[in-house]
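Data file: structure22.txt. Format and content: compact mmCIF, C-alpha atoms.
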```
# COMPACT_ATOMS: atom_id res chain seq x y z
CA MET U 1 -14.64 25.05 -19.80
CA LYS U 2 -16.65 21.85 -20.16
CA LYS U 3 -13.90 20.19 -22.17
CA GLY U 4 -11.27 21.19 -19.64
CA VAL U 5 -13.29 19.82 -16.72
CA LEU U 6 -13.90 16.62 -18.65
CA ILE U 7 -10.15 16.16 -19.20
CA LEU U 8 -9.50 16.94 -15.54
CA VAL U 9 -12.01 14.31 -14.42
CA LEU U 10 -10.75 11.83 -17.00
CA GLY U 11 -7.22 12.17 -15.61
CA LEU U 12 -8.41 11.53 -12.06
CA VAL U 13 -10.48 8.54 -13.13
CA ALA U 14 -7.48 7.18 -15.09
CA ALA U 15 -5.26 7.54 -12.01
CA ALA U 16 -7.79 5.75 -9.80
CA ALA U 17 -8.27 3.00 -12.38
CA ALA U 18 -4.51 2.52 -12.81
CA TYR U 19 -4.09 2.35 -9.03
CA GLY U 20 -6.87 -0.24 -8.69
CA CYS U 21 -5.74 -2.41 -11.59
CA VAL U 22 -2.06 -2.49 -10.59
CA TYR U 23 -2.92 -3.06 -6.91
CA PHE U 24 -5.34 -5.87 -7.75
CA ALA U 25 -2.89 -7.54 -10.13
CA CYS U 26 0.12 -7.27 -7.81
CA THR U 27 -1.70 -8.59 -4.72
CA SER U 28 -3.25 -11.57 -6.51
CA SER U 29 -0.47 -13.95 -5.38
CA ALA U 30 -0.92 -12.93 -1.74
CA ARG U 31 -4.70 -13.37 -2.02
CA THR U 32 -4.24 -16.82 -3.57
CA LEU U 33 -1.98 -17.83 -0.67
CA GLU U 34 -4.44 -16.56 1.92
CA ARG U 35 -7.36 -18.37 0.28
CA SER U 36 -5.55 -21.71 0.10
CA ASP U 37 -6.37 -24.61 2.39
CA LYS U 38 -3.15 -24.30 4.42
CA PRO U 39 -1.83 -20.80 3.79
CA GLU U 40 1.46 -21.25 5.68
CA LEU U 41 2.35 -24.36 3.65
CA ALA U 42 1.26 -22.67 0.42
CA TRP U 43 3.55 -19.80 1.35
CA LEU U 44 6.41 -22.26 2.01
CA LYS U 45 5.90 -23.79 -1.44
CA GLU U 46 6.00 -20.41 -3.14
CA GLU U 47 8.80 -18.92 -1.04
CA PHE U 48 11.16 -21.88 -1.48
CA LYS U 49 10.04 -22.71 -5.02
CA LEU U 50 9.08 -26.30 -4.26
CA SER U 51 7.94 -28.70 -6.95
CA ASP U 52 4.68 -30.58 -6.41
CA THR U 53 6.59 -33.71 -5.34
CA GLU U 54 8.75 -31.77 -2.88
CA PHE U 55 5.71 -29.97 -1.55
CA LYS U 56 3.85 -33.27 -1.05
CA ARG U 57 6.77 -34.63 0.97
CA VAL U 58 7.04 -31.43 3.02
CA SER U 59 3.30 -31.55 3.71
CA GLU U 60 3.60 -35.17 4.90
CA LEU U 61 6.47 -34.24 7.22
CA HIS U 62 4.44 -31.27 8.47
CA ALA U 63 1.39 -33.42 9.15
CA ALA U 64 3.51 -36.05 10.96
CA TYR U 65 5.18 -33.39 13.11
CA LEU U 66 2.01 -31.62 14.30
CA PRO U 67 0.82 -34.36 16.73
CA GLN U 68 4.28 -34.38 18.38
CA CYS U 69 4.08 -30.60 18.64
CA ARG U 70 0.62 -30.76 20.22
CA GLU U 71 1.83 -33.32 22.74
CA MET U 72 4.76 -31.09 23.61
CA CYS U 73 2.38 -28.12 24.01
CA ARG U 74 0.33 -30.16 26.46
CA LYS U 75 3.44 -31.07 28.50
CA ILE U 76 4.65 -27.45 28.52
CA ASP U 77 1.26 -26.18 29.70
CA ALA U 78 1.14 -28.79 32.49
CA GLN U 79 4.68 -27.97 33.55
CA ASN U 80 3.95 -24.22 33.53
CA ALA U 81 0.82 -24.73 35.60
CA GLN U 82 2.78 -26.76 38.16
CA LEU U 83 5.51 -24.12 38.33
CA GLN U 84 2.95 -21.32 38.77
CA LYS U 85 1.29 -23.27 41.56
CA LEU U 86 4.62 -23.68 43.37
CA LEU U 87 5.57 -20.04 42.86
CA ALA U 88 2.19 -18.77 44.06
CA THR U 89 2.74 -19.95 47.62
CA ALA U 90 6.55 -19.84 47.81
CA THR U 91 8.50 -17.26 49.79
CA ASN U 92 11.84 -19.02 49.37
CA ALA U 93 13.48 -21.20 46.75
CA THR U 94 12.57 -24.82 47.45
CA THR U 95 13.82 -28.08 46.06
CA GLU U 96 10.43 -28.53 44.33
CA ILE U 97 10.80 -25.19 42.55
CA ASP U 98 14.38 -26.04 41.57
CA ALA U 99 13.19 -29.37 40.19
CA ALA U 100 10.29 -27.74 38.31
CA LEU U 101 12.64 -25.15 36.77
CA ALA U 102 15.10 -27.86 35.79
CA LYS U 103 12.32 -29.86 34.19
CA ALA U 104 11.10 -26.76 32.33
CA GLY U 105 14.63 -26.19 30.98
CA GLN U 106 14.89 -29.84 30.00
CA MET U 107 11.54 -29.58 28.21
CA ARG U 108 12.65 -26.52 26.29
CA SER U 109 15.78 -28.35 25.22
CA GLU U 110 13.74 -31.38 24.12
CA CYS U 111 11.36 -29.10 22.25
CA GLN U 112 14.21 -27.39 20.39
CA ARG U 113 15.79 -30.73 19.54
CA MET U 114 12.46 -31.92 18.11
CA MET U 115 11.99 -28.76 16.06
CA LEU U 116 15.53 -28.79 14.76
CA HIS U 117 15.15 -32.41 13.70
CA HIS U 118 11.99 -31.47 11.77
CA PHE U 119 13.64 -28.44 10.15
CA PHE U 120 16.57 -30.58 8.96
CA GLN U 121 14.18 -33.14 7.51
CA VAL U 122 12.23 -30.43 5.67
CA SER U 123 15.39 -28.76 4.36
CA GLN U 124 16.66 -32.09 3.01
CA THR U 125 13.45 -32.43 1.00
CA MET U 126 14.13 -29.15 -0.76
CA PRO U 127 16.65 -28.46 -3.55
CA PRO U 128 20.07 -27.86 -1.87
CA GLU U 129 20.17 -24.08 -2.32
CA GLN U 130 16.59 -23.61 -1.13
CA GLY U 131 17.23 -26.02 1.74
CA ARG U 132 20.15 -23.89 2.95
CA ARG U 133 18.04 -20.76 2.66
CA TYR U 134 15.17 -22.41 4.54
CA LEU U 135 17.45 -23.55 7.36
CA SER U 136 19.04 -20.14 7.69
CA TRP U 137 15.62 -18.46 7.80
CA VAL U 138 13.91 -20.91 10.14
CA LYS U 139 16.83 -21.04 12.60
CA GLU U 140 16.71 -17.28 12.87
CA LYS U 141 12.96 -17.33 13.43
CA ALA U 142 12.82 -20.20 15.89
CA PHE U 143 16.15 -20.13 17.72
CA LEU U 144 17.40 -16.59 17.75
CA LEU U 145 14.44 -15.02 19.46
CA ASP U 146 15.37 -12.34 21.96
CA TYR U 147 12.12 -12.83 23.93
CA GLY U 148 11.54 -9.10 23.94
CA MET U 149 14.94 -8.31 25.50
CA ASN U 150 15.71 -5.74 22.82
CA GLU U 151 12.39 -3.98 23.22
CA LYS U 152 12.57 -0.49 24.55
CA PRO U 153 10.55 0.13 27.71
CA MET O 1 6.25 64.34 -51.58
CA LYS O 2 3.97 67.06 -50.38
CA THR O 3 0.92 65.96 -48.38
CA LYS O 4 -2.37 67.73 -48.89
CA ASN O 5 -4.83 68.78 -46.21
CA PRO O 6 -7.63 66.16 -46.13
CA SER O 7 -10.26 68.86 -45.70
CA GLU O 8 -9.19 70.30 -49.03
CA ASN O 9 -9.31 66.91 -50.76
CA ASP O 10 -12.48 65.68 -49.17
CA GLY O 11 -14.54 68.83 -49.07
CA ALA O 12 -17.71 66.98 -49.79
CA LEU O 13 -17.08 64.60 -46.92
CA SER O 14 -16.47 67.53 -44.61
CA VAL O 15 -19.72 69.09 -45.61
CA LEU O 16 -21.56 65.86 -45.02
CA LEU O 17 -19.96 65.38 -41.60
CA ARG O 18 -20.92 68.91 -40.61
CA GLU O 19 -24.49 68.30 -41.64
CA TRP O 20 -24.69 64.86 -39.90
CA LYS O 21 -26.74 64.85 -36.75
CA VAL O 22 -27.17 61.92 -34.42
CA GLU O 23 -30.85 61.39 -33.94
CA ALA O 24 -30.69 58.17 -31.88
CA THR O 25 -31.20 58.65 -28.17
CA LEU O 26 -28.88 57.02 -25.61
CA PRO O 27 -30.38 54.32 -23.46
CA PRO O 28 -31.36 55.49 -19.99
CA ARG O 29 -28.67 55.21 -17.25
CA LEU O 30 -26.02 54.38 -19.82
CA LYS O 31 -23.22 55.88 -17.78
CA GLU O 32 -24.05 53.85 -14.69
CA GLU O 33 -24.40 50.70 -16.76
CA VAL O 34 -20.99 51.21 -18.37
CA TRP O 35 -19.34 51.72 -14.99
CA ARG O 36 -21.13 48.69 -13.58
CA ARG O 37 -19.82 46.53 -16.41
CA ILE O 38 -16.29 47.85 -15.97
CA GLN O 39 -16.38 47.06 -12.29
CA HIS O 40 -17.82 43.62 -13.01
CA THR O 41 -15.05 42.75 -15.44
CA GLN O 42 -12.35 44.00 -13.07
CA VAL O 43 -13.33 41.68 -10.20
CA PRO O 44 -12.09 38.35 -11.69
CA ALA O 45 -8.76 39.88 -12.69
CA SER O 46 -7.82 40.49 -9.08
CA SER O 47 -9.60 37.49 -7.55
CA SER O 48 -8.34 34.23 -6.04
CA VAL O 49 -6.20 31.38 -7.31
CA TRP O 50 -9.33 29.40 -8.08
CA VAL O 51 -10.20 31.73 -10.89
CA VAL O 52 -6.72 31.34 -12.34
CA ILE O 53 -7.06 27.56 -12.08
CA ALA O 54 -10.51 27.66 -13.65
CA GLN O 55 -9.15 29.77 -16.51
CA TRP O 56 -6.24 27.37 -16.91
CA ILE O 57 -8.65 24.42 -17.04
CA ALA O 58 -10.83 26.18 -19.55
CA THR O 59 -8.12 27.47 -21.86
CA VAL O 60 -4.83 25.59 -21.41
CA LEU O 61 -5.79 22.06 -20.36
CA PRO O 62 -7.88 21.28 -23.48
CA ARG O 63 -4.78 21.65 -25.68
CA PRO O 64 -4.21 18.15 -27.07
CA VAL O 65 -0.54 17.80 -26.11
CA LEU O 66 -1.16 19.01 -22.58
CA ALA O 67 -4.31 16.90 -22.15
CA VAL O 68 -2.51 13.73 -23.23
CA SER O 69 0.46 14.53 -20.98
CA TYR O 70 -1.83 15.25 -18.03
CA VAL O 71 -3.74 11.97 -18.37
CA SER O 72 -0.50 10.01 -18.94
CA VAL O 73 1.16 11.46 -15.86
CA LEU O 74 -1.88 10.70 -13.70
CA LEU O 75 -2.00 7.16 -15.10
CA ALA O 76 1.66 6.68 -14.21
CA VAL O 77 1.20 8.18 -10.74
CA GLY O 78 -1.84 5.96 -10.05
CA GLY O 79 -0.03 2.87 -11.30
CA THR O 80 3.08 3.62 -9.25
CA PHE O 81 1.08 4.15 -6.07
CA GLY O 82 -0.86 0.94 -6.75
CA TRP O 83 2.35 -1.00 -7.26
CA ALA O 84 4.00 0.43 -4.12
CA GLN O 85 0.95 -0.27 -1.97
CA ALA O 86 0.57 -3.79 -3.38
CA HIS O 87 4.27 -4.50 -2.84
CA GLN O 88 3.96 -3.43 0.79
CA GLU O 89 0.75 -5.43 1.30
CA THR O 90 2.20 -8.57 -0.31
CA ALA O 91 5.37 -8.34 1.78
CA HIS O 92 3.23 -7.96 4.90
CA VAL O 93 1.03 -10.96 4.06
CA LYS O 94 4.02 -13.17 3.20
CA GLY O 95 5.87 -12.11 6.34
CA GLU O 96 2.80 -12.92 8.40
CA LEU O 97 2.44 -16.36 6.76
CA GLY O 98 6.12 -17.11 7.42
CA ASP O 99 5.69 -16.17 11.07
CA ARG O 100 2.56 -18.32 11.26
CA TYR O 101 4.48 -21.30 9.84
CA VAL O 102 7.08 -21.04 12.61
CA ARG O 103 4.45 -20.41 15.31
CA ILE O 104 2.64 -23.60 14.34
CA LEU O 105 5.84 -25.64 14.64
CA ASP O 106 7.20 -24.11 17.82
CA PRO O 107 5.40 -25.41 20.94
CA TYR O 108 6.43 -22.29 22.82
CA GLN O 109 4.76 -20.06 20.24
CA ALA O 110 1.99 -22.38 19.00
CA PRO O 111 -1.58 -21.10 19.43
CA ARG O 112 -3.41 -23.08 22.12
CA GLU O 113 -6.83 -24.56 21.33
```

Target format structure tokens, applied to this file:
Amino acid sequence: MKKGVLILVLGLVAAAAAYGCVYFACTSSARTLERSDKPELAWLKEEFKLSDTEFKRVSELHAAYLPQCREMCRKIDAQNAQLQKLLATATNATTEIDAALAKAGQMRSECQRMMLHHFFQVSQTMPPEQGRRYLSWVKEKAFLLDYGMNEKP
Amino acid sequence: MKTKNPSENDGALSVLLREWKVEATLPPRLKEEVWRRIQHTQVPASSSVWVVIAQWIATVLPRPVLAVSYVSVLLAVGGTFGWAQAHQETAHVKGELGDRYVRILDPYQAPRE
């Protein structure tokens, strides 16, 4: 009986050990990405198989883009606040509301133009095949959003 | 071939057997004890699945071929589950990092400080 129980336990321990070892080994790349200084850029490097030179250039473009993005965020927040203020007291459509909505649309268009320009620059830094794949992926993520319209109530 | 009556051939043995007397006394309450043991041995035979499993573990599992197969199968099952879980976890982390990359670049999705 003792031998049988020992084998039974050994099997269970072996299963647990195999699970742990394989899980640990197979998630090591994800852990490395998460622990890196800039995980999203580290992911980009791995996903699109960038060389160190390509990655350096992409990182420079990324760093140069971020201040423009922050400035755009500030403008969007200010514009949204102004629109909310107008809407809070309005009972009819006014010329001010129309102007604020038009400006918001213009800002969105400017924002998309800026993003697209950055995405093209980044894709041109990559090897052609990876660049095409990057553009296809990023356009879908950034420009084909349904803003929750396909969500079921 | 004609068979002979054993009592004719082994007359001496027959005499001895007739003279033999058992002098040993039976232990007290022998009958009850015998029935108690019979009842005791009958209980596991009709008992639950656990007893069958325990018997299987004690008698069948220690066979070398079966023991090696059992441990190998559990190793494979553990490894497969580990791989599947890791694959799912890695895909989730990478998907999340990809989303984060786009959120950082899109002013309409960017986290505000």

Find the residues of chain U that sit at most 8 Å from chain O; for each, write down the nearest two atoms and how far apart they are in Å, to one decimal. Count all atoms listed in the file. Sort by chain, then by number going up, and give it as a Markdown table.
```
| residue | atom | partner | partner_atom | distance |
| --- | --- | --- | --- | --- |
| U:Met1 | CA | O:Ala58 | CA | 4.0 |
| U:Lys2 | CA | O:Ala58 | CA | 7.3 |
| U:Lys3 | CA | O:Pro62 | CA | 6.3 |
| U:Gly4 | CA | O:Ile57 | CA | 4.9 |
| U:Val5 | CA | O:Ile57 | CA | 6.5 |
| U:Ile7 | CA | O:Ala67 | CA | 6.6 |
| U:Leu8 | CA | O:Ile57 | CA | 7.7 |
| U:Leu10 | CA | O:Val71 | CA | 7.1 |
| U:Gly11 | CA | O:Val71 | CA | 4.4 |
| U:Leu12 | CA | O:Leu74 | CA | 6.8 |
| U:Ala14 | CA | O:Leu75 | CA | 5.5 |
| U:Ala15 | CA | O:Gly78 | CA | 4.2 |
| U:Ala16 | CA | O:Gly78 | CA | 6.0 |
| U:Ala17 | CA | O:Gly78 | CA | 7.5 |
| U:Ala18 | CA | O:Gly79 | CA | 4.7 |
| U:Tyr19 | CA | O:Gly82 | CA | 4.2 |
| U:Gly20 | CA | O:Gly82 | CA | 6.4 |
| U:Cys21 | CA | O:Gly82 | CA | 7.6 |
| U:Val22 | CA | O:Gly82 | CA | 5.3 |
| U:Tyr23 | CA | O:Gly82 | CA | 4.5 |
| U:Phe24 | CA | O:Ala86 | CA | 7.6 |
| U:Cys26 | CA | O:Ala86 | CA | 5.7 |
| U:Thr27 | CA | O:Ala86 | CA | 5.5 |
| U:Ser29 | CA | O:Thr90 | CA | 7.9 |
| U:Ala30 | CA | O:Thr90 | CA | 5.5 |
| U:Pro39 | CA | O:Leu97 | CA | 6.8 |
| U:Glu40 | CA | O:Leu97 | CA | 5.1 |
| U:Leu41 | CA | O:Tyr101 | CA | 7.2 |
| U:Trp43 | CA | O:Leu97 | CA | 6.5 |
| U:Leu44 | CA | O:Gly98 | CA | 7.5 |
| U:Tyr65 | CA | O:Leu105 | CA | 7.9 |
| U:Leu66 | CA | O:Leu105 | CA | 7.1 |
| U:Cys69 | CA | O:Pro107 | CA | 5.8 |
| U:Arg70 | CA | O:Pro107 | CA | 7.2 |
| U:Met72 | CA | O:Pro107 | CA | 6.3 |
| U:Cys73 | CA | O:Pro107 | CA | 5.1 |
| U:Ile76 | CA | O:Pro107 | CA | 7.9 |
| U:Cys111 | CA | O:Pro107 | CA | 7.1 |
| U:Met115 | CA | O:Asp106 | CA | 6.9 |
| U:Val138 | CA | O:Val102 | CA | 7.3 |
| U:Lys141 | CA | O:Val102 | CA | 7.0 |
| U:Ala142 | CA | O:Val102 | CA | 6.7 |
```

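The coordinates place CA of Val122 in chain U at 9.2 Å from CA of Ser59 in chain U.
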
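Coordinates place CA of Arg35 in chain U at a distance of 27.8 Å from CA of Gln124 in chain U.
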
query = Which value, in Å to one decimal, gives the distance between CA of Thr125 in chain U and CA of Glu54 in chain U?
reply = 6.1 Å

Place N, CA and C atoms on range 30-61 of chain U and deliver the coordinates as a short mmCIF file (atom, residue, chain, number, x, y, z; two decimals), in the frame of the given file.
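So part-v9.cif came out as:
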```
data_model
loop_
_atom_site.label_atom_id
_atom_site.label_comp_id
_atom_site.auth_asym_id
_atom_site.auth_seq_id
_atom_site.Cartn_x
_atom_site.Cartn_y
_atom_site.Cartn_z
N ALA U 30 -0.70 -12.92 -3.20
CA ALA U 30 -0.92 -12.93 -1.74
C ALA U 30 -2.35 -13.40 -1.43
N ARG U 31 -3.31 -12.96 -2.25
CA ARG U 31 -4.70 -13.37 -2.02
C ARG U 31 -4.85 -14.88 -2.24
N THR U 32 -4.17 -15.38 -3.29
CA THR U 32 -4.24 -16.82 -3.57
C THR U 32 -3.69 -17.62 -2.38
N LEU U 33 -2.58 -17.14 -1.83
CA LEU U 33 -1.98 -17.83 -0.67
C LEU U 33 -2.95 -17.84 0.51
N GLU U 34 -3.54 -16.67 0.77
CA GLU U 34 -4.44 -16.56 1.92
C GLU U 34 -5.68 -17.43 1.78
N ARG U 35 -6.13 -17.60 0.51
CA ARG U 35 -7.36 -18.37 0.28
C ARG U 35 -7.11 -19.88 0.27
N SER U 36 -5.83 -20.28 0.23
CA SER U 36 -5.55 -21.71 0.10
C SER U 36 -5.90 -22.45 1.40
N ASP U 37 -5.94 -23.77 1.28
CA ASP U 37 -6.37 -24.61 2.39
C ASP U 37 -5.45 -24.44 3.60
N LYS U 38 -4.14 -24.51 3.35
CA LYS U 38 -3.15 -24.30 4.42
C LYS U 38 -2.23 -23.17 3.98
N PRO U 39 -2.57 -21.95 4.32
CA PRO U 39 -1.83 -20.80 3.79
C PRO U 39 -0.33 -20.81 4.10
N GLU U 40 0.03 -21.28 5.31
CA GLU U 40 1.46 -21.25 5.68
C GLU U 40 2.27 -22.25 4.85
N LEU U 41 1.65 -23.40 4.49
CA LEU U 41 2.35 -24.36 3.65
C LEU U 41 2.39 -23.88 2.20
N ALA U 42 1.28 -23.24 1.77
CA ALA U 42 1.26 -22.67 0.42
C ALA U 42 2.34 -21.60 0.28
N TRP U 43 2.50 -20.82 1.35
CA TRP U 43 3.55 -19.80 1.35
C TRP U 43 4.94 -20.45 1.25
N LEU U 44 5.12 -21.56 2.02
CA LEU U 44 6.41 -22.26 2.01
C LEU U 44 6.73 -22.75 0.59
N LYS U 45 5.71 -23.27 -0.08
CA LYS U 45 5.90 -23.79 -1.44
C LYS U 45 6.34 -22.67 -2.38
N GLU U 46 5.67 -21.53 -2.25
CA GLU U 46 6.00 -20.41 -3.14
C GLU U 46 7.35 -19.80 -2.78
N GLU U 47 7.58 -19.60 -1.49
CA GLU U 47 8.80 -18.92 -1.04
C GLU U 47 10.06 -19.71 -1.39
N PHE U 48 9.97 -21.05 -1.24
CA PHE U 48 11.16 -21.88 -1.48
C PHE U 48 11.06 -22.66 -2.79
N LYS U 49 10.15 -22.21 -3.64
CA LYS U 49 10.04 -22.71 -5.02
C LYS U 49 10.05 -24.24 -5.07
N LEU U 50 9.13 -24.84 -4.32
CA LEU U 50 9.08 -26.30 -4.26
C LEU U 50 8.27 -26.86 -5.41
N SER U 51 8.74 -28.01 -5.93
CA SER U 51 7.94 -28.70 -6.95
C SER U 51 6.77 -29.39 -6.23
N ASP U 52 5.84 -29.92 -7.02
CA ASP U 52 4.68 -30.58 -6.41
C ASP U 52 5.12 -31.78 -5.56
N THR U 53 6.11 -32.53 -6.07
CA THR U 53 6.59 -33.71 -5.34
C THR U 53 7.24 -33.29 -4.02
N GLU U 54 8.08 -32.26 -4.10
CA GLU U 54 8.75 -31.77 -2.88
C GLU U 54 7.72 -31.24 -1.88
N PHE U 55 6.74 -30.55 -2.43
CA PHE U 55 5.71 -29.97 -1.55
C PHE U 55 4.90 -31.08 -0.87
N LYS U 56 4.62 -32.14 -1.61
CA LYS U 56 3.85 -33.27 -1.05
C LYS U 56 4.63 -33.88 0.12
N ARG U 57 5.92 -34.05 -0.08
CA ARG U 57 6.77 -34.63 0.97
C ARG U 57 6.84 -33.69 2.19
N VAL U 58 6.99 -32.41 1.92
CA VAL U 58 7.04 -31.43 3.02
C VAL U 58 5.72 -31.43 3.78
N SER U 59 4.61 -31.53 3.06
CA SER U 59 3.30 -31.55 3.71
C SER U 59 3.14 -32.79 4.59
N GLU U 60 3.67 -33.93 4.11
CA GLU U 60 3.60 -35.17 4.90
C GLU U 60 4.42 -35.02 6.19
N LEU U 61 5.62 -34.45 6.04
CA LEU U 61 6.47 -34.24 7.22
C LEU U 61 5.78 -33.31 8.21
#
```
